[in-house]
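Below is coords-v5.pdb, which holds PDB, C-alpha atoms and all ligand atoms.
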MODEL        1
ATOM      1  CA  MET A   1     106.700 -46.058-106.202  1.00  0.00           C
ATOM      2  CA  LYS A   2     105.298 -42.515-106.274  1.00  0.00           C
ATOM      3  CA  LEU A   3     103.619 -40.046-103.988  1.00  0.00           C
ATOM      4  CA  TYR A   4     100.347 -38.368-104.921  1.00  0.00           C
ATOM      5  CA  GLY A   5      99.638 -34.909-103.589  1.00  0.00           C
ATOM      6  CA  ALA A   6     100.706 -31.288-103.721  1.00  0.00           C
ATOM      7  CA  ILE A   7     103.624 -29.706-101.889  1.00  0.00           C
ATOM      8  CA  ALA A   8     101.227 -27.033-100.507  1.00  0.00           C
ATOM      9  CA  SER A   9     100.086 -29.681 -97.979  1.00  0.00           C
ATOM     10  CA  PRO A  10     102.178 -29.971 -94.793  1.00  0.00           C
ATOM     11  CA  TYR A  11     101.442 -33.718 -94.724  1.00  0.00           C
ATOM     12  CA  VAL A  12     102.764 -34.149 -98.246  1.00  0.00           C
ATOM     13  CA  ALA A  13     105.791 -31.972 -97.437  1.00  0.00           C
ATOM     14  CA  ARG A  14     106.447 -34.157 -94.346  1.00  0.00           C
ATOM     15  CA  VAL A  15     106.723 -37.304 -96.487  1.00  0.00           C
ATOM     16  CA  VAL A  16     108.769 -35.541 -99.182  1.00  0.00           C
ATOM     17  CA  MET A  17     111.204 -34.398 -96.460  1.00  0.00           C
ATOM     18  CA  TYR A  18     111.336 -37.834 -94.855  1.00  0.00           C
ATOM     19  CA  ALA A  19     112.107 -39.515 -98.180  1.00  0.00           C
ATOM     20  CA  LYS A  20     114.801 -36.903 -98.815  1.00  0.00           C
ATOM     21  CA  ILE A  21     116.585 -37.405 -95.464  1.00  0.00           C
ATOM     22  CA  LYS A  22     116.536 -41.157 -96.115  1.00  0.00           C
ATOM     23  CA  GLY A  23     117.845 -40.721 -99.650  1.00  0.00           C
ATOM     24  CA  VAL A  24     114.797 -42.477-101.130  1.00  0.00           C
ATOM     25  CA  GLU A  25     113.773 -41.449-104.641  1.00  0.00           C
ATOM     26  CA  LEU A  26     110.072 -40.523-104.419  1.00  0.00           C
ATOM     27  CA  PRO A  27     108.518 -38.612-107.302  1.00  0.00           C
ATOM     28  CA  LEU A  28     105.635 -36.321-106.309  1.00  0.00           C
ATOM     29  CA  MET A  29     102.780 -36.509-108.798  1.00  0.00           C
ATOM     30  CA  GLU A  30      99.334 -35.009-109.332  1.00  0.00           C
ATOM     31  CA  PRO A  31      96.582 -37.260-107.940  1.00  0.00           C
ATOM     32  CA  PRO A  32      95.157 -39.575-110.618  1.00  0.00           C
ATOM     33  CA  GLY A  33      91.771 -38.760-112.108  1.00  0.00           C
ATOM     34  CA  GLY A  34      92.242 -35.024-111.621  1.00  0.00           C
ATOM     35  CA  GLY A  35      92.028 -34.770-107.830  1.00  0.00           C
ATOM     36  CA  ILE A  36      91.809 -36.416-104.420  1.00  0.00           C
ATOM     37  CA  LYS A  37      88.058 -37.008-104.699  1.00  0.00           C
ATOM     38  CA  SER A  38      88.269 -38.725-108.094  1.00  0.00           C
ATOM     39  CA  PRO A  39      87.183 -42.396-108.270  1.00  0.00           C
ATOM     40  CA  GLU A  40      90.736 -43.306-109.357  1.00  0.00           C
ATOM     41  CA  TYR A  41      92.255 -41.663-106.279  1.00  0.00           C
ATOM     42  CA  LEU A  42      89.578 -42.951-103.904  1.00  0.00           C
ATOM     43  CA  ARG A  43      90.272 -46.491-105.086  1.00  0.00           C
ATOM     44  CA  LEU A  44      93.836 -46.016-103.800  1.00  0.00           C
ATOM     45  CA  ASN A  45      92.877 -44.102-100.667  1.00  0.00           C
ATOM     46  CA  PRO A  46      89.175 -43.979 -99.719  1.00  0.00           C
ATOM     47  CA  ILE A  47      89.954 -41.356 -97.041  1.00  0.00           C
ATOM     48  CA  GLY A  48      90.279 -38.862 -99.914  1.00  0.00           C
ATOM     49  CA  LYS A  49      93.102 -36.846 -98.378  1.00  0.00           C
ATOM     50  CA  MET A  50      96.639 -36.258 -99.540  1.00  0.00           C
ATOM     51  CA  PRO A  51      99.233 -37.736 -99.531  1.00  0.00           C
ATOM     52  CA  THR A  52      98.828 -41.247-100.878  1.00  0.00           C
ATOM     53  CA  LEU A  53     101.779 -43.496-101.603  1.00  0.00           C
ATOM     54  CA  ASP A  54     101.382 -45.682-104.689  1.00  0.00           C
ATOM     55  CA  VAL A  55     103.354 -48.904-104.350  1.00  0.00           C
ATOM     56  CA  ASP A  56     102.911 -50.849-107.584  1.00  0.00           C
ATOM     57  CA  GLY A  57      99.283 -49.755-107.844  1.00  0.00           C
ATOM     58  CA  GLN A  58      98.497 -50.288-104.156  1.00  0.00           C
ATOM     59  CA  GLY A  59      97.581 -47.162-102.208  1.00  0.00           C
ATOM     60  CA  LEU A  60      98.753 -46.242 -98.734  1.00  0.00           C
ATOM     61  CA  GLY A  61      97.374 -43.187 -96.953  1.00  0.00           C
ATOM     62  CA  GLU A  62      98.304 -41.147 -93.847  1.00  0.00           C
ATOM     63  CA  SER A  63     101.612 -39.321 -93.877  1.00  0.00           C
ATOM     64  CA  THR A  64     103.197 -40.898 -90.790  1.00  0.00           C
ATOM     65  CA  ILE A  65     102.199 -44.404 -91.871  1.00  0.00           C
ATOM     66  CA  ILE A  66     103.786 -43.683 -95.250  1.00  0.00           C
ATOM     67  CA  CYS A  67     106.966 -42.617 -93.416  1.00  0.00           C
ATOM     68  CA  ASP A  68     106.808 -45.858 -91.380  1.00  0.00           C
ATOM     69  CA  TYR A  69     106.508 -47.812 -94.626  1.00  0.00           C
ATOM     70  CA  LEU A  70     109.520 -45.997 -96.116  1.00  0.00           C
ATOM     71  CA  GLU A  71     111.458 -46.804 -92.937  1.00  0.00           C
ATOM     72  CA  ASP A  72     110.621 -50.526 -93.209  1.00  0.00           C
ATOM     73  CA  ALA A  73     111.067 -50.766 -96.976  1.00  0.00           C
ATOM     74  CA  PHE A  74     114.309 -48.743 -97.109  1.00  0.00           C
ATOM     75  CA  PRO A  75     116.129 -49.392 -93.827  1.00  0.00           C
ATOM     76  CA  GLN A  76     119.621 -48.616 -95.210  1.00  0.00           C
ATOM     77  CA  THR A  77     119.564 -44.960 -94.113  1.00  0.00           C
ATOM     78  CA  SER A  78     117.263 -44.592 -91.142  1.00  0.00           C
ATOM     79  CA  GLY A  79     114.981 -41.599 -90.692  1.00  0.00           C
ATOM     80  CA  LEU A  80     114.843 -42.350 -86.973  1.00  0.00           C
ATOM     81  CA  PRO A  81     117.497 -42.021 -84.243  1.00  0.00           C
ATOM     82  CA  LYS A  82     119.444 -45.127 -83.152  1.00  0.00           C
ATOM     83  CA  LEU A  83     118.438 -45.628 -79.510  1.00  0.00           C
ATOM     84  CA  PRO A  84     114.947 -46.961 -78.706  1.00  0.00           C
ATOM     85  CA  LEU A  85     114.063 -44.075 -76.392  1.00  0.00           C
ATOM     86  CA  ASP A  86     115.274 -41.519 -78.936  1.00  0.00           C
ATOM     87  CA  ARG A  87     113.262 -43.235 -81.681  1.00  0.00           C
ATOM     88  CA  ALA A  88     110.216 -43.030 -79.442  1.00  0.00           C
ATOM     89  CA  ARG A  89     110.878 -39.333 -78.785  1.00  0.00           C
ATOM     90  CA  SER A  90     111.014 -38.606 -82.502  1.00  0.00           C
ATOM     91  CA  ARG A  91     107.774 -40.507 -83.107  1.00  0.00           C
ATOM     92  CA  LEU A  92     106.165 -38.805 -80.126  1.00  0.00           C
ATOM     93  CA  ILE A  93     106.927 -35.376 -81.597  1.00  0.00           C
ATOM     94  CA  ALA A  94     105.192 -36.403 -84.836  1.00  0.00           C
ATOM     95  CA  ARG A  95     102.226 -37.623 -82.773  1.00  0.00           C
ATOM     96  CA  ILE A  96     102.107 -34.422 -80.692  1.00  0.00           C
ATOM     97  CA  THR A  97     102.137 -32.428 -83.926  1.00  0.00           C
ATOM     98  CA  ASP A  98      99.129 -34.302 -85.302  1.00  0.00           C
ATOM     99  CA  LEU A  99      97.072 -34.716 -82.141  1.00  0.00           C
ATOM    100  CA  TYR A 100      97.714 -31.440 -80.346  1.00  0.00           C
ATOM    101  CA  ILE A 101      99.537 -28.708 -82.280  1.00  0.00           C
ATOM    102  CA  VAL A 102      97.691 -28.827 -85.618  1.00  0.00           C
ATOM    103  CA  GLN A 103      94.380 -28.587 -83.762  1.00  0.00           C
ATOM    104  CA  HIS A 104      95.301 -25.043 -82.734  1.00  0.00           C
ATOM    105  CA  VAL A 105      96.830 -23.920 -86.037  1.00  0.00           C
ATOM    106  CA  SER A 106      93.849 -24.912 -88.224  1.00  0.00           C
ATOM    107  CA  PRO A 107      91.236 -22.729 -86.441  1.00  0.00           C
ATOM    108  CA  LEU A 108      93.332 -19.631 -87.197  1.00  0.00           C
ATOM    109  CA  PHE A 109      93.029 -20.428 -90.886  1.00  0.00           C
ATOM    110  CA  ARG A 110      89.317 -19.632 -90.588  1.00  0.00           C
ATOM    111  CA  GLN A 111      90.044 -16.321 -88.830  1.00  0.00           C
ATOM    112  CA  MET A 112      92.241 -14.701 -91.471  1.00  0.00           C
ATOM    113  CA  ASN A 113      89.849 -11.848 -92.234  1.00  0.00           C
ATOM    114  CA  PRO A 114      90.167  -9.228 -89.422  1.00  0.00           C
ATOM    115  CA  ALA A 115      86.667  -7.911 -90.183  1.00  0.00           C
ATOM    116  CA  LYS A 116      85.065 -11.302 -89.481  1.00  0.00           C
ATOM    117  CA  ARG A 117      87.493 -12.494 -86.840  1.00  0.00           C
ATOM    118  CA  ASP A 118      86.392 -14.231 -83.641  1.00  0.00           C
ATOM    119  CA  GLN A 119      88.934 -12.897 -81.147  1.00  0.00           C
ATOM    120  CA  ALA A 120      88.071 -15.653 -78.638  1.00  0.00           C
ATOM    121  CA  VAL A 121      89.300 -18.275 -81.127  1.00  0.00           C
ATOM    122  CA  VAL A 122      92.504 -16.297 -81.707  1.00  0.00           C
ATOM    123  CA  GLU A 123      93.173 -15.971 -77.985  1.00  0.00           C
ATOM    124  CA  SER A 124      92.523 -19.647 -77.362  1.00  0.00           C
ATOM    125  CA  SER A 125      94.885 -20.661 -80.201  1.00  0.00           C
ATOM    126  CA  ALA A 126      97.565 -18.298 -78.911  1.00  0.00           C
ATOM    127  CA  LYS A 127      97.448 -19.959 -75.472  1.00  0.00           C
ATOM    128  CA  GLU A 128      97.221 -23.509 -76.797  1.00  0.00           C
ATOM    129  CA  LEU A 129     100.083 -23.054 -79.264  1.00  0.00           C
ATOM    130  CA  VAL A 130     102.431 -22.087 -76.427  1.00  0.00           C
ATOM    131  CA  LYS A 131     101.236 -25.103 -74.432  1.00  0.00           C
ATOM    132  CA  THR A 132     101.382 -27.668 -77.245  1.00  0.00           C
ATOM    133  CA  PHE A 133     104.747 -26.558 -78.648  1.00  0.00           C
ATOM    134  CA  ALA A 134     106.000 -26.982 -75.073  1.00  0.00           C
ATOM    135  CA  TYR A 135     104.822 -30.624 -75.259  1.00  0.00           C
ATOM    136  CA  ALA A 136     107.029 -31.064 -78.342  1.00  0.00           C
ATOM    137  CA  GLU A 137     109.924 -29.323 -76.625  1.00  0.00           C
ATOM    138  CA  HIS A 138     109.555 -31.621 -73.608  1.00  0.00           C
ATOM    139  CA  ALA A 139     109.826 -34.653 -75.911  1.00  0.00           C
ATOM    140  CA  MET A 140     112.985 -33.345 -77.557  1.00  0.00           C
ATOM    141  CA  GLY A 141     116.350 -34.880 -76.798  1.00  0.00           C
ATOM    142  CA  SER A 142     119.761 -33.344 -77.223  1.00  0.00           C
ATOM    143  CA  GLY A 143     119.841 -30.942 -80.152  1.00  0.00           C
ATOM    144  CA  PRO A 144     119.978 -29.097 -82.264  1.00  0.00           C
ATOM    145  CA  PHE A 145     117.374 -31.212 -84.121  1.00  0.00           C
ATOM    146  CA  CYS A 146     114.419 -32.810 -82.338  1.00  0.00           C
ATOM    147  CA  VAL A 147     116.665 -35.649 -81.246  1.00  0.00           C
ATOM    148  CA  GLY A 148     120.362 -35.387 -81.957  1.00  0.00           C
ATOM    149  CA  ASN A 149     122.394 -33.756 -84.684  1.00  0.00           C
ATOM    150  CA  THR A 150     120.515 -35.002 -87.738  1.00  0.00           C
ATOM    151  CA  PRO A 151     116.870 -34.555 -88.736  1.00  0.00           C
ATOM    152  CA  THR A 152     114.472 -37.457 -88.132  1.00  0.00           C
ATOM    153  CA  LEU A 153     110.727 -38.119 -88.368  1.00  0.00           C
ATOM    154  CA  GLY A 154     109.808 -35.639 -85.610  1.00  0.00           C
ATOM    155  CA  ASP A 155     111.614 -32.837 -87.442  1.00  0.00           C
ATOM    156  CA  CYS A 156     109.755 -33.593 -90.676  1.00  0.00           C
ATOM    157  CA  ALA A 157     106.361 -33.488 -88.950  1.00  0.00           C
ATOM    158  CA  LEU A 158     106.952 -30.564 -86.609  1.00  0.00           C
ATOM    159  CA  SER A 159     108.820 -28.294 -89.041  1.00  0.00           C
ATOM    160  CA  THR A 160     106.194 -28.456 -91.785  1.00  0.00           C
ATOM    161  CA  CYS A 161     103.481 -27.734 -89.207  1.00  0.00           C
ATOM    162  CA  ALA A 162     105.575 -24.869 -87.792  1.00  0.00           C
ATOM    163  CA  MET A 163     105.990 -23.435 -91.287  1.00  0.00           C
ATOM    164  CA  MET A 164     102.204 -23.580 -91.789  1.00  0.00           C
ATOM    165  CA  MET A 165     101.763 -21.754 -88.478  1.00  0.00           C
ATOM    166  CA  LYS A 166     104.379 -19.124 -89.424  1.00  0.00           C
ATOM    167  CA  LYS A 167     102.673 -18.416 -92.758  1.00  0.00           C
ATOM    168  CA  ILE A 168      99.239 -18.169 -91.123  1.00  0.00           C
ATOM    169  CA  LEU A 169     100.499 -15.937 -88.315  1.00  0.00           C
ATOM    170  CA  GLY A 170     102.302 -13.697 -90.837  1.00  0.00           C
ATOM    171  CA  ALA A 171      99.367 -13.372 -93.241  1.00  0.00           C
ATOM    172  CA  GLY A 172      96.726 -12.979 -90.522  1.00  0.00           C
ATOM    173  CA  ASN A 173      98.652 -10.471 -88.435  1.00  0.00           C
ATOM    174  CA  PHE A 174      97.129 -11.934 -85.280  1.00  0.00           C
ATOM    175  CA  GLY A 175      99.677 -10.541 -82.857  1.00  0.00           C
ATOM    176  CA  ILE A 176     100.400 -14.088 -81.641  1.00  0.00           C
ATOM    177  CA  THR A 177     103.966 -14.802 -80.542  1.00  0.00           C
ATOM    178  CA  ASP A 178     105.525 -17.632 -82.533  1.00  0.00           C
ATOM    179  CA  PRO A 179     106.676 -20.223 -79.942  1.00  0.00           C
ATOM    180  CA  THR A 180     109.592 -21.265 -82.178  1.00  0.00           C
ATOM    181  CA  GLU A 181     111.220 -17.855 -81.842  1.00  0.00           C
ATOM    182  CA  SER A 182     112.828 -18.471 -78.459  1.00  0.00           C
ATOM    183  CA  GLY A 183     114.769 -21.020 -76.419  1.00  0.00           C
ATOM    184  CA  ARG A 184     115.297 -24.658 -77.473  1.00  0.00           C
ATOM    185  CA  LEU A 185     112.553 -24.340 -80.106  1.00  0.00           C
ATOM    186  CA  SER A 186     114.374 -21.497 -81.856  1.00  0.00           C
ATOM    187  CA  VAL A 187     117.625 -23.505 -81.887  1.00  0.00           C
ATOM    188  CA  TRP A 188     115.631 -26.385 -83.360  1.00  0.00           C
ATOM    189  CA  TRP A 189     113.903 -24.213 -85.993  1.00  0.00           C
ATOM    190  CA  LYS A 190     117.174 -22.673 -87.176  1.00  0.00           C
ATOM    191  CA  ALA A 191     118.778 -26.122 -87.497  1.00  0.00           C
ATOM    192  CA  VAL A 192     115.967 -27.594 -89.557  1.00  0.00           C
ATOM    193  CA  ASP A 193     115.356 -24.478 -91.668  1.00  0.00           C
ATOM    194  CA  SER A 194     119.029 -24.273 -92.639  1.00  0.00           C
ATOM    195  CA  HIS A 195     119.582 -28.013 -93.182  1.00  0.00           C
ATOM    196  CA  ARG A 196     120.667 -28.897 -96.735  1.00  0.00           C
ATOM    197  CA  ASP A 197     117.816 -31.403 -97.242  1.00  0.00           C
ATOM    198  CA  CYS A 198     115.074 -29.966 -95.026  1.00  0.00           C
ATOM    199  CA  GLY A 199     115.537 -26.237 -95.735  1.00  0.00           C
ATOM    200  CA  PRO A 200     114.696 -26.269 -99.468  1.00  0.00           C
ATOM    201  CA  ILE A 201     111.643 -28.494 -98.874  1.00  0.00           C
ATOM    202  CA  LEU A 202     110.430 -26.207 -96.091  1.00  0.00           C
ATOM    203  CA  GLN A 203     110.868 -23.191 -98.383  1.00  0.00           C
ATOM    204  CA  ALA A 204     109.037 -24.921-101.257  1.00  0.00           C
ATOM    205  CA  TYR A 205     106.207 -25.859 -98.923  1.00  0.00           C
ATOM    206  CA  GLY A 206     106.075 -22.351 -97.409  1.00  0.00           C
ATOM    207  CA  THR A 207     105.912 -20.675-100.811  1.00  0.00           C
ATOM    208  CA  ALA A 208     103.203 -23.041-102.063  1.00  0.00           C
ATOM    209  CA  PHE A 209     101.162 -22.628 -98.886  1.00  0.00           C
ATOM    210  CA  GLU A 210     101.510 -18.847 -99.042  1.00  0.00           C
ATOM    211  CA  GLY A 211     100.108 -19.023-102.604  1.00  0.00           C
ATOM    212  CA  PHE A 212      97.204 -21.078-101.267  1.00  0.00           C
ATOM    213  CA  LEU A 213      96.526 -18.502 -98.528  1.00  0.00           C
ATOM    214  CA  LYS A 214      96.523 -15.694-101.111  1.00  0.00           C
ATOM    215  CA  MET A 215      94.125 -17.628-103.316  1.00  0.00           C
ATOM    216  CA  MET A 216      91.764 -18.173-100.368  1.00  0.00           C
ATOM    217  CA  ALA A 217      91.966 -14.473 -99.427  1.00  0.00           C
ATOM    218  CA  ALA A 218      91.151 -13.421-102.994  1.00  0.00           C
ATOM    219  CA  ARG A 219      88.152 -15.775-103.011  1.00  0.00           C
ATOM    220  CA  ALA A 220      86.879 -14.402 -99.694  1.00  0.00           C
TER     221      ALA A 220
HETATM  222  N1  LIG B 301      96.099 -37.369 -91.176  1.00  0.00           N
HETATM  223  C1  LIG B 301      96.341 -37.113 -92.577  1.00  0.00           C
HETATM  224  C2  LIG B 301      95.961 -35.672 -92.889  1.00  0.00           C
HETATM  225  C3  LIG B 301      96.014 -35.379 -94.376  1.00  0.00           C
HETATM  226  C4  LIG B 301      95.249 -34.105 -94.722  1.00  0.00           C
HETATM  227  O1  LIG B 301      94.461 -33.585 -93.919  1.00  0.00           O
HETATM  228  N2  LIG B 301      95.459 -33.629 -95.942  1.00  0.00           N
HETATM  229  C5  LIG B 301      94.730 -32.473 -96.405  1.00  0.00           C
HETATM  230  C6  LIG B 301      95.646 -31.500 -97.168  1.00  0.00           C
HETATM  231  S1  LIG B 301      96.678 -30.621 -96.046  1.00  0.00           S
HETATM  232  C7  LIG B 301      93.662 -32.935 -97.390  1.00  0.00           C
HETATM  233  O2  LIG B 301      93.916 -33.762 -98.217  1.00  0.00           O
HETATM  234  N3  LIG B 301      92.456 -32.330 -97.273  1.00  0.00           N
HETATM  235  C8  LIG B 301      91.405 -32.563 -98.211  1.00  0.00           C
HETATM  236  C9  LIG B 301      90.129 -32.960 -97.565  1.00  0.00           C
HETATM  237  O3  LIG B 301      90.080 -33.134 -96.340  1.00  0.00           O
HETATM  238  O4  LIG B 301      89.145 -33.110 -98.290  1.00  0.00           O
HETATM  239  C10 LIG B 301      97.822 -37.399 -92.895  1.00  0.00           C
HETATM  240  O5  LIG B 301      98.650 -37.367 -91.977  1.00  0.00           O
HETATM  241  O6  LIG B 301      98.145 -37.695 -94.066  1.00  0.00           O
ENDMDL
END

With the file now loaded, output its structure as structure tokens.
Ligand SMILES: N[C@@H](CCC(=O)N[C@@H](CS)C(=O)NCC(=O)O)C(=O)O
Amino acid sequence: MKLYGAIASPYVARVVMYAKIKGVELPLMEPPGGGIKSPEYLRLNPIGKMPTLDVDGQGLGESTIICDYLEDAFPQTSGLPKLPLDRARSRLIARITDLYIVQHVSPLFRQMNPAKRDQAVVESSAKELVKTFAYAEHAMGSGPFCVGNTPTLGDCALSTCAMMMKKILGAGNFGITDPTESGRLSVWWKAVDSHRDCGPILQAYGTAFEGFLKMMAARA
């Protein structure tokens, strides 16, 4: 079993972190055929996005579905809380990340250049980020992690997205307040960022993504 993708992707980093907290060995490899649009890769995952899990030559796409597979295939150490409602909370935070939060981080990526910036987009993202991170906070249980005192699926999804946001906000100098800098969300961020398994993966992702942002800025 191996994972295809690059750590500069928050979706890849989510799966890498999930495998790590479960203690599952999951080598991260370059996509076959030289990239995610190669015929070899598309045979495994016709969506043409990373990550893809390769299970004995069979491809599985979509980061959260890959995490679900890892949970079913390697149940010994769970990446979800014990109680049904807590498990649902953790999953809900991953869903909120994908359906609501990311939608307001991505537009900022296209507004990095102050000279060409659409301030209306920046202001809308600023408002929506406060609102959508509050959705995640509402779904959280007792802390300091999303649900309880160990990281679970929700932490893997939300923290990698939060790191992407932090890098974009830092590089773009938008003047947007980072919602994870206060209250329950700041307690959560500190816990996940300093966790022995999650912290190093978050840092590796952050560094790789920062490199990607610099490359895009140089191209522009
Ligand atoms: N919903 C997908 C999103 C994956 C995704 O958007 N990956 C990006 C990298 S961050 C990608 O492969 N983009 C290439 C493309 O869209 O062509 C998941 O959860 O795995």

Practice problem: May I ask you to write as a PyMOL selection string all residues lying at most 6 Å from ligand LIG 301 (chain B), with only C-alpha atoms and all ligand atoms counted? | Solution: chain A and resi 9-11+49-51+62-64

Using only C-alpha atoms, please write the residues we just selected to a file, as an mmCIF file, in the coordinates of the input.
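Output contents, as saved in selection10.cif:
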data_model
loop_
_atom_site.group_PDB
_atom_site.id
_atom_site.type_symbol
_atom_site.label_atom_id
_atom_site.label_comp_id
_atom_site.auth_asym_id
_atom_site.auth_seq_id
_atom_site.Cartn_x
_atom_site.Cartn_y
_atom_site.Cartn_z
ATOM 1 C CA SER A 9 100.086 -29.681 -97.979
ATOM 2 C CA PRO A 10 102.178 -29.971 -94.793
ATOM 3 C CA TYR A 11 101.442 -33.718 -94.724
ATOM 4 C CA LYS A 49 93.102 -36.846 -98.378
ATOM 5 C CA MET A 50 96.639 -36.258 -99.540
ATOM 6 C CA PRO A 51 99.233 -37.736 -99.531
ATOM 7 C CA GLU A 62 98.304 -41.147 -93.847
ATOM 8 C CA SER A 63 101.612 -39.321 -93.877
ATOM 9 C CA THR A 64 103.197 -40.898 -90.790
#

Quiz item: Could you name the residues that touch Ile47 of chain A at 10 Å or less, counting all atoms listed in the file, but leaving out those on the same chain fewer than 4 positions away, as a list in words?
Solution: Ile36, Lys37, Tyr41, Leu42, Arg43, Thr52, Gly61 and Glu62 of chain A

Residues within 12 Å of Tyr135 of chain A, all atoms listed in the file, excluding chain neighbours under 5 positions, as a short mmCIF file (atom, residue, chain, number, x, y, z; two decimals) with C-alpha atoms, in the frame of the given file:
data_model
loop_
_atom_site.label_atom_id
_atom_site.label_comp_id
_atom_site.auth_asym_id
_atom_site.auth_seq_id
_atom_site.Cartn_x
_atom_site.Cartn_y
_atom_site.Cartn_z
CA ARG A 89 110.88 -39.33 -78.78
CA LEU A 92 106.16 -38.80 -80.13
CA ILE A 93 106.93 -35.38 -81.60
CA ALA A 94 105.19 -36.40 -84.84
CA ARG A 95 102.23 -37.62 -82.77
CA ILE A 96 102.11 -34.42 -80.69
CA THR A 97 102.14 -32.43 -83.93
CA LEU A 99 97.07 -34.72 -82.14
CA TYR A 100 97.71 -31.44 -80.35
CA ILE A 101 99.54 -28.71 -82.28
CA GLU A 128 97.22 -23.51 -76.80
CA LEU A 129 100.08 -23.05 -79.26
CA VAL A 130 102.43 -22.09 -76.43
CA MET A 140 112.98 -33.34 -77.56
CA LEU A 158 106.95 -30.56 -86.61
CA PRO A 179 106.68 -20.22 -79.94
CA LEU A 185 112.55 -24.34 -80.11
#

Practice problem: Run the PyMOL selection byres (((chain A and resi 212-218) around 10) and not hetatm) against the file shown and list the residues it catches, as a list in words. | Solution: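 This file, filtered by the PyMOL selection byres (((chain A and resi 212-218) around 10) and not hetatm), leaves Ala8, Ser9, Phe109, Met112, Asn113, Lys167, Ile168, Ala171, Gly172, Gly206, Thr207, Ala208, Phe209, Glu210, Gly211, Arg219 and Ala220 of chain A.
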
Exercise. Find the residues near segment 75-83 of chain A: any atom within 7 Å, counting all atoms listed in the file, skip ones fewer than 4 places away on the same chain, and give them as a PyMOL selection string.
Key: chain A and resi 18+21-22+71+87+90+152-153

Practice problem: Go through A:Met29, A:Val12, A:Met1, A:Leu70 one by one, measure the shortest atom-to-atom distance of each to Gly57 of chain A using all atoms listed in the file, and give the residue with the smallest value. | Solution: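 Once distances to Gly57 of chain A are computed over all atoms listed in the file, the minimum belongs to A:Met1.
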
Got a minute to add N, CA and C atoms to segment 50-61 of chain A and dump it as a CSV table (one decimal), keeping the file's coordinate frame?
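So part_35.csv came out as:
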chain,number,residue,atom,x,y,z
A,50,MET,N,95.3,-36.1,-99.1
A,50,MET,CA,96.6,-36.3,-99.5
A,50,MET,C,97.6,-36.2,-98.4
A,51,PRO,N,98.7,-37.0,-98.4
A,51,PRO,CA,99.2,-37.7,-99.5
A,51,PRO,C,98.7,-39.2,-99.6
A,52,THR,N,99.0,-39.8,-100.7
A,52,THR,CA,98.8,-41.2,-100.9
A,52,THR,C,100.1,-41.8,-101.5
A,53,LEU,N,100.6,-42.8,-101.0
A,53,LEU,CA,101.8,-43.5,-101.6
A,53,LEU,C,101.2,-44.6,-102.5
A,54,ASP,N,101.8,-44.6,-103.7
A,54,ASP,CA,101.4,-45.7,-104.7
A,54,ASP,C,102.6,-46.6,-104.8
A,55,VAL,N,102.3,-47.9,-104.3
A,55,VAL,CA,103.4,-48.9,-104.4
A,55,VAL,C,102.8,-50.0,-105.3
A,56,ASP,N,103.3,-49.9,-106.5
A,56,ASP,CA,102.9,-50.8,-107.6
A,56,ASP,C,101.4,-50.9,-107.7
A,57,GLY,N,100.7,-49.8,-107.7
A,57,GLY,CA,99.3,-49.8,-107.8
A,57,GLY,C,98.5,-49.9,-106.6
A,58,GLN,N,99.2,-50.2,-105.4
A,58,GLN,CA,98.5,-50.3,-104.2
A,58,GLN,C,98.7,-49.0,-103.4
A,59,GLY,N,97.6,-48.5,-102.9
A,59,GLY,CA,97.6,-47.2,-102.2
A,59,GLY,C,97.8,-47.3,-100.7
A,60,LEU,N,98.6,-46.3,-100.2
A,60,LEU,CA,98.8,-46.2,-98.7
A,60,LEU,C,98.6,-44.8,-98.3
A,61,GLY,N,97.6,-44.6,-97.4
A,61,GLY,CA,97.4,-43.2,-97.0
A,61,GLY,C,98.0,-42.9,-95.6
